[in-house]
$ cat data11.cif   # mmCIF, C-alpha atoms
data_data
loop_
_atom_site.label_atom_id
_atom_site.label_comp_id
_atom_site.auth_asym_id
_atom_site.auth_seq_id
_atom_site.Cartn_x
_atom_site.Cartn_y
_atom_site.Cartn_z
CA MET A 1 -68.44 -99.50 -59.92
CA SER A 2 -69.06 -101.95 -57.14
CA TYR A 3 -71.08 -100.76 -54.15
CA VAL A 4 -73.97 -101.82 -51.96
CA LYS A 5 -77.29 -100.91 -53.58
CA ASP A 6 -79.66 -102.51 -51.09
CA GLY A 7 -81.03 -99.78 -48.82
CA ALA A 8 -81.79 -102.17 -45.96
CA ALA A 9 -78.32 -103.70 -46.14
CA ILE A 10 -76.76 -100.22 -46.11
CA TYR A 11 -78.67 -99.34 -42.94
CA ARG A 12 -77.75 -102.63 -41.25
CA GLU A 13 -74.07 -102.30 -42.08
CA SER A 14 -74.03 -98.63 -41.07
CA PHE A 15 -75.59 -99.30 -37.68
CA SER A 16 -73.26 -102.24 -37.15
CA ILE A 17 -70.20 -100.06 -37.82
CA ILE A 18 -71.53 -97.38 -35.47
CA ARG A 19 -72.18 -99.84 -32.64
CA ARG A 20 -68.69 -101.29 -33.10
CA GLU A 21 -66.90 -97.95 -33.11
CA ALA A 22 -68.91 -95.64 -30.87
CA ASP A 23 -68.71 -95.69 -27.10
CA LEU A 24 -72.34 -95.79 -26.03
CA SER A 25 -71.65 -97.03 -22.51
CA ALA A 26 -72.84 -93.82 -20.88
CA PHE A 27 -76.41 -94.34 -22.12
CA GLN A 28 -79.33 -96.56 -21.27
CA PRO A 29 -80.27 -98.80 -24.22
CA ASP A 30 -83.24 -96.66 -25.26
CA VAL A 31 -81.13 -93.50 -25.40
CA ALA A 32 -78.26 -95.39 -27.06
CA ARG A 33 -80.59 -96.34 -29.93
CA VAL A 34 -81.31 -92.66 -30.47
CA VAL A 35 -77.63 -91.75 -30.35
CA VAL A 36 -76.82 -94.44 -32.96
CA ARG A 37 -79.21 -92.79 -35.39
CA MET A 38 -77.80 -89.34 -34.60
CA ILE A 39 -74.32 -90.64 -35.42
CA HIS A 40 -75.67 -92.17 -38.61
CA ALA A 41 -76.91 -88.75 -39.71
CA CYS A 42 -73.56 -87.01 -39.34
CA GLY A 43 -70.92 -89.71 -39.85
CA MET A 44 -69.12 -88.97 -36.57
CA THR A 45 -68.61 -91.70 -34.00
CA ASP A 46 -67.21 -89.34 -31.36
CA LEU A 47 -70.61 -87.68 -30.98
CA PRO A 48 -71.62 -89.61 -27.81
CA ARG A 49 -69.06 -87.70 -25.73
CA TYR A 50 -71.05 -84.52 -26.40
CA VAL A 51 -74.55 -85.95 -26.11
CA GLU A 52 -76.47 -85.25 -22.95
CA ALA A 53 -79.97 -86.51 -22.33
CA SER A 54 -82.15 -86.60 -19.28
CA GLU A 55 -82.57 -90.20 -18.20
CA ASP A 56 -86.22 -90.33 -19.25
CA ALA A 57 -85.78 -88.51 -22.56
CA ALA A 58 -86.19 -91.49 -24.87
CA ALA A 59 -89.04 -93.09 -22.94
CA VAL A 60 -90.93 -89.81 -22.71
CA GLY A 61 -90.34 -89.05 -26.40
CA VAL A 62 -91.53 -92.47 -27.54
CA LYS A 63 -94.65 -92.24 -25.38
CA ALA A 64 -95.48 -88.68 -26.45
CA LEU A 65 -95.23 -89.53 -30.14
CA ARG A 66 -97.35 -92.64 -29.71
CA GLU A 67 -99.97 -90.51 -28.01
CA GLY A 68 -100.04 -88.12 -30.94
CA ALA A 69 -97.80 -85.25 -29.79
CA PRO A 70 -97.14 -82.68 -32.51
CA LEU A 71 -93.55 -81.98 -33.53
CA LEU A 72 -92.59 -78.31 -33.37
CA CYS A 73 -89.56 -77.69 -35.60
CA ASP A 74 -87.46 -74.56 -35.88
CA ALA A 75 -86.50 -75.08 -39.53
CA MET A 76 -87.93 -76.55 -42.70
CA MET A 77 -84.86 -78.78 -42.99
CA VAL A 78 -85.71 -80.32 -39.63
CA ALA A 79 -89.34 -80.82 -40.65
CA ASN A 80 -88.24 -82.40 -43.93
CA GLY A 81 -85.78 -84.70 -42.19
CA ILE A 82 -88.51 -86.33 -40.14
CA THR A 83 -89.65 -89.48 -41.92
CA ARG A 84 -93.43 -89.29 -41.94
CA ALA A 85 -93.86 -93.04 -42.43
CA ARG A 86 -92.11 -93.68 -39.10
CA LEU A 87 -94.41 -91.45 -37.05
CA PRO A 88 -96.68 -93.66 -34.90
CA SER A 89 -99.78 -91.45 -34.87
CA SER A 90 -99.57 -89.44 -38.08
CA ASN A 91 -98.20 -86.75 -35.78
CA GLU A 92 -98.35 -83.20 -37.07
CA VAL A 93 -94.99 -81.76 -38.10
CA ILE A 94 -95.13 -78.01 -37.62
CA CYS A 95 -92.68 -75.32 -38.70
CA THR A 96 -93.83 -71.73 -38.29
CA LEU A 97 -90.70 -70.08 -39.68
CA ARG A 98 -92.40 -69.12 -42.94
CA ASP A 99 -95.66 -68.07 -41.26
CA GLU A 100 -96.56 -64.62 -42.49
CA ARG A 101 -96.69 -63.27 -38.93
CA THR A 102 -93.10 -64.22 -38.15
CA THR A 103 -91.40 -61.19 -39.73
CA GLU A 104 -93.61 -58.75 -37.83
CA ILE A 105 -93.14 -60.56 -34.52
CA ALA A 106 -89.36 -60.53 -35.09
CA ALA A 107 -89.47 -56.76 -35.65
CA THR A 108 -91.62 -56.18 -32.57
CA LEU A 109 -89.50 -58.35 -30.29
CA GLN A 110 -86.26 -57.23 -31.94
CA THR A 111 -85.12 -60.78 -32.41
CA THR A 112 -84.49 -63.27 -35.20
CA ARG A 113 -87.24 -64.80 -37.32
CA SER A 114 -86.30 -68.19 -35.85
CA ALA A 115 -87.00 -66.91 -32.34
CA ALA A 116 -90.16 -65.13 -33.48
CA ALA A 117 -91.43 -68.38 -34.98
CA VAL A 118 -91.29 -69.95 -31.50
CA GLU A 119 -93.87 -67.39 -30.32
CA LEU A 120 -96.32 -69.03 -32.70
CA TRP A 121 -95.86 -72.36 -30.94
CA ARG A 122 -97.63 -71.20 -27.75
CA ASP A 123 -100.95 -72.88 -28.53
CA ARG A 124 -99.30 -76.18 -29.39
CA LEU A 125 -96.46 -76.40 -26.87
CA ALA A 126 -98.26 -78.35 -24.15
CA GLY A 127 -97.23 -81.99 -24.44
CA SER A 128 -95.42 -81.46 -27.74
CA VAL A 129 -92.02 -82.66 -28.88
CA VAL A 130 -89.89 -79.62 -29.68
CA VAL A 131 -87.15 -80.18 -32.27
CA ILE A 132 -84.60 -77.39 -32.67
CA GLY A 133 -81.86 -78.25 -35.15
CA ASN A 134 -80.80 -74.92 -36.52
CA ALA A 135 -81.12 -71.69 -34.59
CA PRO A 136 -79.64 -71.03 -31.14
CA THR A 137 -82.00 -68.04 -30.83
CA ALA A 138 -84.98 -70.39 -31.19
CA LEU A 139 -83.76 -72.46 -28.25
CA PHE A 140 -82.97 -69.37 -26.18
CA HIS A 141 -86.40 -67.95 -26.95
CA LEU A 142 -88.12 -71.19 -25.99
CA LEU A 143 -86.33 -71.20 -22.63
CA GLU A 144 -87.33 -67.56 -22.07
CA LEU A 145 -90.92 -68.35 -22.95
CA LEU A 146 -90.96 -71.27 -20.50
CA GLY A 147 -89.31 -69.08 -17.86
CA SER A 148 -91.88 -66.35 -18.29
CA ALA A 149 -94.63 -68.89 -17.66
CA GLY A 150 -93.42 -69.15 -14.06
CA GLU A 151 -95.14 -71.90 -12.12
CA ASN A 152 -97.63 -72.37 -14.92
CA LYS A 153 -96.66 -75.63 -16.52
CA SER A 154 -99.45 -75.60 -19.07
CA LEU A 155 -96.96 -74.57 -21.78
CA TYR A 156 -94.49 -77.36 -21.05
CA PRO A 157 -93.56 -79.61 -23.95
CA ALA A 158 -93.11 -83.33 -23.26
CA LEU A 159 -89.56 -83.33 -24.64
CA ILE A 160 -87.08 -80.81 -25.97
CA VAL A 161 -84.67 -82.03 -28.64
CA GLY A 162 -82.39 -78.99 -28.65
CA ILE A 163 -79.50 -79.38 -31.09
CA PRO A 164 -78.82 -76.03 -32.79
CA VAL A 165 -75.52 -75.67 -34.62
CA GLY A 166 -72.99 -72.92 -34.95
CA PHE A 167 -70.51 -70.46 -33.56
CA VAL A 168 -72.62 -67.82 -31.85
CA GLY A 169 -74.98 -68.97 -29.11
CA ALA A 170 -75.20 -72.64 -30.04
CA ALA A 171 -73.03 -74.00 -27.22
CA GLU A 172 -74.48 -71.45 -24.80
CA SER A 173 -78.12 -72.19 -25.59
CA LYS A 174 -77.52 -75.93 -25.25
CA ALA A 175 -75.71 -75.44 -21.94
CA ALA A 176 -78.74 -73.45 -20.76
CA LEU A 177 -81.06 -76.26 -21.87
CA ALA A 178 -78.96 -78.83 -20.01
CA THR A 179 -79.28 -76.98 -16.69
CA ASN A 180 -82.76 -78.48 -16.92
CA ALA A 181 -84.23 -75.55 -15.01
CA PHE A 182 -87.78 -76.61 -15.81
CA GLY A 183 -87.42 -80.35 -15.30
CA ILE A 184 -88.53 -80.99 -18.88
CA PRO A 185 -86.91 -84.07 -20.47
CA PHE A 186 -84.29 -83.01 -23.02
CA LEU A 187 -81.73 -84.28 -25.49
CA THR A 188 -78.81 -82.21 -26.73
CA VAL A 189 -75.34 -82.27 -28.27
CA HIS A 190 -72.99 -79.91 -26.47
CA GLY A 191 -70.67 -77.57 -28.30
CA ARG A 192 -70.87 -76.10 -31.77
CA ARG A 193 -71.95 -79.23 -33.58
CA GLY A 194 -75.57 -80.08 -34.21
CA GLY A 195 -77.95 -79.39 -37.02
CA SER A 196 -81.18 -80.38 -38.63
CA ALA A 197 -80.03 -83.83 -39.75
CA ILE A 198 -78.94 -84.87 -36.26
CA ALA A 199 -82.10 -83.43 -34.67
CA ALA A 200 -84.39 -85.10 -37.21
CA ALA A 201 -82.53 -88.39 -36.79
CA ALA A 202 -83.22 -88.31 -33.05
CA VAL A 203 -86.91 -87.92 -33.76
CA ASN A 204 -86.84 -90.70 -36.35
CA ALA A 205 -85.33 -93.00 -33.73
CA LEU A 206 -87.97 -92.12 -31.16
CA ALA A 207 -90.76 -92.48 -33.71
CA SER A 208 -90.21 -96.13 -34.53
CA GLU A 209 -88.19 -99.12 -33.37
CA ASP A 210 -87.54 -100.13 -36.97
CA GLU A 211 -83.91 -99.86 -37.94
CA MET B 1 -80.75 -64.55 -20.70
CA SER B 2 -78.31 -62.43 -22.60
CA TYR B 3 -77.54 -63.39 -26.19
CA VAL B 4 -77.20 -61.84 -29.63
CA LYS B 5 -80.61 -61.46 -31.27
CA ASP B 6 -79.60 -59.63 -34.41
CA GLY B 7 -79.46 -62.11 -37.27
CA ALA B 8 -77.00 -60.05 -39.31
CA ALA B 9 -74.70 -59.62 -36.32
CA ILE B 10 -74.81 -63.37 -35.65
CA TYR B 11 -73.75 -64.09 -39.24
CA ARG B 12 -70.96 -61.50 -39.11
CA GLU B 13 -69.59 -62.80 -35.83
CA SER B 14 -69.88 -66.43 -36.97
CA PHE B 15 -67.98 -65.83 -40.21
CA SER B 16 -65.37 -63.81 -38.33
CA ILE B 17 -64.77 -66.70 -35.89
CA ILE B 18 -64.54 -69.17 -38.77
CA ARG B 19 -62.02 -67.06 -40.70
CA ARG B 20 -59.97 -66.68 -37.51
CA GLU B 21 -59.92 -70.38 -36.63
CA ALA B 22 -60.05 -72.27 -39.91
CA ASP B 23 -57.04 -72.81 -42.14
CA LEU B 24 -58.28 -71.79 -45.56
CA SER B 25 -54.84 -71.32 -47.07
CA ALA B 26 -55.23 -74.25 -49.47
CA PHE B 27 -58.05 -72.52 -51.34
CA GLN B 28 -58.42 -69.66 -53.79
CA PRO B 29 -60.54 -66.83 -52.32
CA ASP B 30 -63.68 -67.83 -54.25
CA VAL B 31 -63.53 -71.41 -53.00
CA ALA B 32 -62.59 -70.24 -49.49
CA ARG B 33 -65.84 -68.23 -49.33
CA VAL B 34 -67.75 -71.42 -50.07
CA VAL B 35 -65.82 -73.40 -47.46
CA VAL B 36 -66.55 -70.73 -44.82
CA ARG B 37 -70.27 -71.21 -45.35
CA MET B 38 -69.89 -75.00 -45.28
CA ILE B 39 -68.13 -74.71 -41.92
CA HIS B 40 -70.88 -72.40 -40.71
CA ALA B 41 -73.45 -75.09 -41.48
CA CYS B 42 -71.76 -77.78 -39.39
CA GLY B 43 -69.84 -75.96 -36.66
CA MET B 44 -66.53 -77.68 -37.48
CA THR B 45 -63.45 -75.61 -38.29
CA ASP B 46 -61.34 -78.65 -39.23
CA LEU B 47 -63.50 -79.26 -42.30
CA PRO B 48 -61.09 -77.59 -44.79
CA ARG B 49 -58.61 -80.45 -44.43
CA TYR B 50 -61.20 -82.75 -45.98
CA VAL B 51 -62.56 -80.40 -48.63
CA GLU B 52 -61.46 -80.95 -52.19
CA ALA B 53 -62.61 -78.80 -55.07
CA SER B 54 -61.50 -78.50 -58.64
CA GLU B 55 -59.84 -75.14 -59.12
CA ASP B 56 -62.69 -73.76 -61.21
CA ALA B 57 -65.52 -75.15 -59.06
CA ALA B 58 -66.62 -71.86 -57.49
CA ALA B 59 -66.30 -69.77 -60.66
CA VAL B 60 -68.19 -72.34 -62.70
CA GLY B 61 -70.89 -72.71 -60.05
CA VAL B 62 -71.43 -68.96 -59.73
CA LYS B 63 -71.66 -68.55 -63.50
CA ALA B 64 -74.00 -71.51 -63.99
CA LEU B 65 -76.40 -70.25 -61.35
CA ARG B 66 -76.38 -66.73 -62.79
CA GLU B 67 -77.22 -68.19 -66.17
CA GLY B 68 -80.20 -70.03 -64.72
CA ALA B 69 -78.90 -73.55 -64.15
CA PRO B 70 -81.37 -75.77 -62.30
CA LEU B 71 -80.30 -77.38 -59.02
CA LEU B 72 -80.72 -81.15 -58.94
CA CYS B 73 -80.87 -82.31 -55.32
CA ASP B 74 -80.82 -85.85 -53.98
CA ALA B 75 -82.89 -85.12 -50.88
CA MET B 76 -85.69 -82.85 -49.75
CA MET B 77 -83.49 -81.62 -46.91
CA VAL B 78 -80.94 -80.40 -49.45
CA ALA B 79 -83.66 -78.70 -51.50
CA ASN B 80 -85.05 -77.07 -48.36
CA GLY B 81 -81.63 -75.89 -47.25
CA ILE B 82 -81.14 -73.83 -50.38
CA THR B 83 -82.19 -70.26 -49.67
CA ARG B 84 -84.44 -69.31 -52.57
CA ALA B 85 -83.94 -65.58 -52.04
CA ARG B 86 -80.20 -65.97 -52.71
CA LEU B 87 -80.64 -67.66 -56.10
CA PRO B 88 -79.64 -65.22 -58.87
CA SER B 89 -82.06 -66.39 -61.58
CA SER B 90 -84.98 -67.88 -59.68
CA ASN B 91 -83.25 -71.16 -60.48
CA GLU B 92 -85.39 -74.26 -60.28
CA VAL B 93 -84.68 -76.49 -57.28
CA ILE B 94 -85.52 -80.05 -58.24
CA CYS B 95 -85.74 -83.18 -56.09
CA THR B 96 -87.15 -86.27 -57.74
CA LEU B 97 -86.92 -88.56 -54.72
CA ARG B 98 -90.66 -88.49 -54.11
CA ASP B 99 -91.57 -88.73 -57.80
CA GLU B 100 -94.06 -91.55 -58.22
CA ARG B 101 -91.80 -93.29 -60.77
CA THR B 102 -88.87 -93.60 -58.36
CA THR B 103 -90.01 -96.72 -56.53
CA GLU B 104 -90.55 -98.66 -59.77
CA ILE B 105 -87.21 -97.56 -61.22
CA ALA B 106 -85.50 -98.63 -57.98
CA ALA B 107 -87.11 -102.08 -58.26
CA THR B 108 -86.17 -102.43 -61.92
CA LEU B 109 -82.56 -101.34 -61.43
CA GLN B 110 -82.30 -103.14 -58.07
CA THR B 111 -80.95 -100.07 -56.38
CA THR B 112 -81.98 -97.49 -53.80
CA ARG B 113 -84.69 -94.92 -54.34
CA SER B 114 -82.04 -92.21 -54.06
CA ALA B 115 -80.13 -93.73 -56.99
CA ALA B 116 -83.34 -94.29 -58.94
CA ALA B 117 -84.26 -90.63 -58.48
CA VAL B 118 -81.05 -89.69 -60.34
CA GLU B 119 -82.40 -91.52 -63.42
CA LEU B 120 -85.12 -88.88 -63.53
CA TRP B 121 -82.51 -86.13 -63.83
CA ARG B 122 -81.45 -87.16 -67.35
CA ASP B 123 -83.44 -84.47 -69.15
CA ARG B 124 -82.16 -81.73 -66.87
CA LEU B 125 -78.54 -82.73 -66.26
CA ALA B 126 -76.93 -80.75 -69.05
CA GLY B 127 -75.46 -77.58 -67.55
CA SER B 128 -77.12 -78.13 -64.18
CA VAL B 129 -75.68 -77.86 -60.69
CA VAL B 130 -75.98 -81.25 -59.00
CA VAL B 131 -76.21 -81.18 -55.20
CA ILE B 132 -75.90 -84.51 -53.41
CA GLY B 133 -75.96 -84.17 -49.64
CA ASN B 134 -77.38 -87.42 -48.46
CA ALA B 135 -77.06 -90.66 -50.39
CA PRO B 136 -73.77 -92.21 -51.52
CA THR B 137 -75.78 -94.37 -53.95
CA ALA B 138 -77.07 -91.22 -55.67
CA LEU B 139 -73.51 -90.04 -56.27
CA PHE B 140 -72.41 -93.50 -57.43
CA HIS B 141 -75.37 -93.71 -59.78
CA LEU B 142 -74.65 -90.27 -61.22
CA LEU B 143 -71.07 -91.29 -61.97
CA GLU B 144 -72.31 -94.50 -63.60
CA LEU B 145 -74.79 -92.55 -65.68
CA LEU B 146 -72.08 -90.15 -66.84
CA GLY B 147 -69.78 -93.08 -67.55
CA SER B 148 -72.39 -94.83 -69.64
CA ALA B 149 -72.73 -91.69 -71.77
CA GLY B 150 -69.23 -92.36 -73.08
CA GLU B 151 -67.89 -89.54 -75.19
CA ASN B 152 -71.32 -87.93 -75.27
CA LYS B 153 -71.00 -84.90 -73.02
CA SER B 154 -74.55 -83.72 -73.54
CA LEU B 155 -75.48 -85.05 -70.11
CA TYR B 156 -72.69 -83.26 -68.27
CA PRO B 157 -73.70 -80.98 -65.42
CA ALA B 158 -71.80 -77.71 -64.98
CA LEU B 159 -70.83 -78.58 -61.40
CA ILE B 160 -71.17 -81.52 -59.04
CA VAL B 161 -71.47 -80.71 -55.34
CA GLY B 162 -71.08 -84.24 -54.01
CA ILE B 163 -71.17 -84.40 -50.23
CA PRO B 164 -73.08 -87.50 -49.13
CA VAL B 165 -72.68 -88.57 -45.51
CA GLY B 166 -72.32 -91.88 -43.76
CA PHE B 167 -70.58 -95.13 -43.12
CA VAL B 168 -71.27 -97.23 -46.20
CA GLY B 169 -70.18 -95.85 -49.53
CA ALA B 170 -69.91 -92.19 -48.59
CA ALA B 171 -66.10 -91.98 -48.51
CA GLU B 172 -65.85 -94.30 -51.51
CA SER B 173 -68.31 -92.39 -53.68
CA LYS B 174 -66.59 -89.09 -52.89
CA ALA B 175 -63.18 -90.57 -53.67
CA ALA B 176 -64.61 -91.72 -57.01
CA LEU B 177 -65.94 -88.21 -57.68
CA ALA B 178 -62.55 -86.69 -56.87
CA THR B 179 -60.77 -88.82 -59.47
CA ASN B 180 -62.48 -86.32 -61.77
CA ALA B 181 -62.74 -88.92 -64.52
CA PHE B 182 -65.08 -86.73 -66.57
CA GLY B 183 -63.36 -83.39 -66.06
CA ILE B 184 -66.53 -81.93 -64.58
CA PRO B 185 -65.90 -79.28 -61.89
CA PHE B 186 -66.65 -80.69 -58.45
CA LEU B 187 -66.71 -79.92 -54.74
CA THR B 188 -66.59 -82.57 -52.04
CA VAL B 189 -65.76 -83.32 -48.40
CA HIS B 190 -63.76 -86.50 -48.10
CA GLY B 191 -64.51 -89.15 -45.50
CA ARG B 192 -67.71 -89.97 -43.69
CA ARG B 193 -68.79 -86.45 -42.93
CA GLY B 194 -71.08 -84.46 -45.17
CA GLY B 195 -74.80 -83.99 -45.31
CA SER B 196 -77.56 -81.85 -46.61
CA ALA B 197 -76.74 -78.78 -44.52
CA ILE B 198 -73.14 -78.63 -45.75
CA ALA B 199 -74.17 -79.27 -49.36
CA ALA B 200 -76.91 -76.65 -49.27
CA ALA B 201 -74.54 -74.17 -47.64
CA ALA B 202 -72.10 -74.58 -50.52
CA VAL B 203 -74.88 -73.73 -52.96
CA ASN B 204 -75.98 -70.76 -50.86
CA ALA B 205 -72.43 -69.42 -51.01
CA LEU B 206 -72.26 -69.84 -54.79
CA ALA B 207 -75.68 -68.28 -55.26
CA SER B 208 -74.90 -64.89 -53.79
CA GLU B 209 -71.98 -62.85 -52.55
CA ASP B 210 -74.05 -61.56 -49.64
CA GLU B 211 -72.78 -62.75 -46.30
#
$ encode --input "data11.cif" --output "structure tokens"
Amino acid sequence: MSYVKDGAAIYRESFSIIRREADLSAFQPDVARVVVRMIHACGMTDLPRYVEASEDAAAVGVKALREGAPLLCDAMMVANGITRARLPSSNEVICTLRDERTTEIAATLQTTRSAAAVELWRDRLAGSVVVIGNAPTALFHLLELLGSAGENKSLYPALIVGIPVGFVGAAESKAALATNAFGIPFLTVHGRRGGSAIAAAAVNALASEDE
Amino acid sequence: MSYVKDGAAIYRESFSIIRREADLSAFQPDVARVVVRMIHACGMTDLPRYVEASEDAAAVGVKALREGAPLLCDAMMVANGITRARLPSSNEVICTLRDERTTEIAATLQTTRSAAAVELWRDRLAGSVVVIGNAPTALFHLLELLGSAGENKSLYPALIVGIPVGFVGAAESKAALATNAFGIPFLTVHGRRGGSAIAAAAVNALASEDE
């Protein structure tokens, strides 16, 4: 069989196809770079139509990671999709879903384990990069947690990459994120599509300029 | 905010929406169940048009997992997407991508690390369930490896879930898989789309009848 076996060449050719086919005109160059990698992760060049990012999302994300911000992930697949070698400050990649306290918190709050896991982020939220690529309830819970903090901004993450996937709550939670009620920079993909690969790809783009 | 917080209810409602919207008429019920979960993982109800499975793929996959077949995964995200609690025989979930030998094998064979990692599957391939959700080169290399075995079927896995994603080689490798040159049961999603979440979801469906 004849096929390209050179990893670097595969990346180059992939990104070249994406830039040729995808309409990235709605984005500043720094956000467009992120969107290219998100498209690369899912194989769909129509994704840009559904991407919404606050204008400063890429710049803030790059800066936060350089300054050592931890990454708070809602799922192990998200955490595993983040390429450690690209992280500029050996940033911590945290996923609390399998923390032993999560099940009890979920029972107490009568919510999902994914949402309960967000409760365990409280100590690390300030200045972090949140990466939600799976559970709508995690994103909803994060927004509730930020709302309950009122004027107290000490819990505010630097950036919210909120790209849960699915049929129940995904579109709604991302629409809620995009109202930008807290003025926190965000990146999302509207609608049902999303997922850990797309969310992790966004982080991998922010983490390093290497393509 | 008002949203569904009951995990079981979210699953039920999601699967109900999928069965209402997706055209599953091309599949036998056992394959349709798998496709429902694949759709659930990506949020796209048009996926069935691109899914191709050998008629016995679901039955063979279910049986192999019950009998303890190991799962050979091309990426950590795939391995992490497989829900251990659903596996019927505490099946081993194996990913050799980060094995220390992979880099050297890749250099020797002048191929990607993902393809090199497949070389390390040789001892476990017989009767296994292969799950490729990331790298086209891993799927290509697997097909080459099977081809080089000639008439010797001792390397044959029970089932190949081959759903790599991307712009270079993904569609081609899946088309090659679907020629079914070796008569090994397979499941794929044609075109550029695919990925670890969809591949892992297929395994999760085969692993247990629980929805």
$ resolve_selection --input "data11.cif" --expression "the PyMOL selection byres ((chain B) within 9 of (chain A))" --output "PyMOL selection string"
chain B and resi 1+3-7+10-11+13-15+17-18+39-44+76-81+110-113+115+134+137+140+143-144+165-169+172-173+191-197
$ residues_around --input "data11.cif" --residues "segment 64-69 of chain B" --least-positions-apart "2" --cutoff "10 Å" --atoms "all atoms listed in the file" --output "VMD selection string"
chain B and resid 58 to 62 71 to 72 87 to 93 124 to 130 157 to 159 203 206 to 208
$ residues_around --input "data11.cif" --residues "Val131 of chain B" --least-positions-apart "4" --cutoff "7 Å" --atoms "only C-alpha atoms" --output "JSON, numbers by chain"
{"B": [71, 72, 73, 74, 160, 161, 162, 199]}
$ atom_distance --input "data11.cif" --atom1 "atom CA of Ile132 of chain B" --atom2 "atom CA of Ala202 of chain B"
11.0 Å
$ closest_residue --input "data11.cif" --among "B:Pro29, B:Leu155, B:Asp56, B:Ala117" --to "Thr103 of chain B" --atoms "only C-alpha atoms"
B:Ala117
$ decode --input "data11.cif" --residues "segment 18-33 of chain A" --atoms "N, CA and C atoms" --output "PDB file, in the first residue's frame"
ATOM      1  N   ILE A  18      -6.853  21.973   5.186  1.00  0.00           N
ATOM      2  CA  ILE A  18      -7.825  22.677   6.026  1.00  0.00           C
ATOM      3  C   ILE A  18      -7.860  24.157   5.672  1.00  0.00           C
ATOM      4  N   ARG A  19      -6.676  24.762   5.539  1.00  0.00           N
ATOM      5  CA  ARG A  19      -6.640  26.203   5.241  1.00  0.00           C
ATOM      6  C   ARG A  19      -7.190  26.508   3.851  1.00  0.00           C
ATOM      7  N   ARG A  20      -7.080  25.539   2.946  1.00  0.00           N
ATOM      8  CA  ARG A  20      -7.620  25.725   1.602  1.00  0.00           C
ATOM      9  C   ARG A  20      -9.148  25.607   1.602  1.00  0.00           C
ATOM     10  N   GLU A  21      -9.665  24.699   2.396  1.00  0.00           N
ATOM     11  CA  GLU A  21     -11.099  24.390   2.319  1.00  0.00           C
ATOM     12  C   GLU A  21     -11.969  25.139   3.319  1.00  0.00           C
ATOM     13  N   ALA A  22     -11.409  25.462   4.469  1.00  0.00           N
ATOM     14  CA  ALA A  22     -12.238  26.044   5.531  1.00  0.00           C
ATOM     15  C   ALA A  22     -12.295  27.565   5.411  1.00  0.00           C
ATOM     16  N   ASP A  23     -13.443  28.108   5.706  1.00  0.00           N
ATOM     17  CA  ASP A  23     -13.594  29.566   5.710  1.00  0.00           C
ATOM     18  C   ASP A  23     -13.279  30.091   7.108  1.00  0.00           C
ATOM     19  N   LEU A  24     -12.095  30.654   7.243  1.00  0.00           N
ATOM     20  CA  LEU A  24     -11.635  31.133   8.547  1.00  0.00           C
ATOM     21  C   LEU A  24     -11.704  32.646   8.647  1.00  0.00           C
ATOM     22  N   SER A  25     -12.408  33.268   7.678  1.00  0.00           N
ATOM     23  CA  SER A  25     -12.368  34.726   7.561  1.00  0.00           C
ATOM     24  C   SER A  25     -13.004  35.448   8.743  1.00  0.00           C
ATOM     25  N   ALA A  26     -13.799  34.735   9.526  1.00  0.00           N
ATOM     26  CA  ALA A  26     -14.456  35.396  10.658  1.00  0.00           C
ATOM     27  C   ALA A  26     -13.525  35.563  11.854  1.00  0.00           C
ATOM     28  N   PHE A  27     -12.324  34.953  11.784  1.00  0.00           N
ATOM     29  CA  PHE A  27     -11.461  34.924  12.962  1.00  0.00           C
ATOM     30  C   PHE A  27     -10.171  35.719  12.785  1.00  0.00           C
ATOM     31  N   GLN A  28      -9.705  36.287  13.868  1.00  0.00           N
ATOM     32  CA  GLN A  28      -8.361  36.853  13.894  1.00  0.00           C
ATOM     33  C   GLN A  28      -7.363  35.703  13.703  1.00  0.00           C
ATOM     34  N   PRO A  29      -6.152  36.019  13.205  1.00  0.00           N
ATOM     35  CA  PRO A  29      -5.191  34.940  12.929  1.00  0.00           C
ATOM     36  C   PRO A  29      -4.920  34.028  14.117  1.00  0.00           C
ATOM     37  N   ASP A  30      -4.859  34.579  15.327  1.00  0.00           N
ATOM     38  CA  ASP A  30      -4.522  33.716  16.467  1.00  0.00           C
ATOM     39  C   ASP A  30      -5.651  32.741  16.801  1.00  0.00           C
ATOM     40  N   VAL A  31      -6.886  33.186  16.612  1.00  0.00           N
ATOM     41  CA  VAL A  31      -8.014  32.272  16.817  1.00  0.00           C
ATOM     42  C   VAL A  31      -8.111  31.283  15.651  1.00  0.00           C
ATOM     43  N   ALA A  32      -7.840  31.769  14.436  1.00  0.00           N
ATOM     44  CA  ALA A  32      -7.902  30.896  13.257  1.00  0.00           C
ATOM     45  C   ALA A  32      -6.965  29.701  13.405  1.00  0.00           C
ATOM     46  N   ARG A  33      -5.760  29.938  13.938  1.00  0.00           N
ATOM     47  CA  ARG A  33      -4.807  28.852  14.187  1.00  0.00           C
ATOM     48  C   ARG A  33      -5.410  27.774  15.080  1.00  0.00           C
TER      49      ARG A  33
END
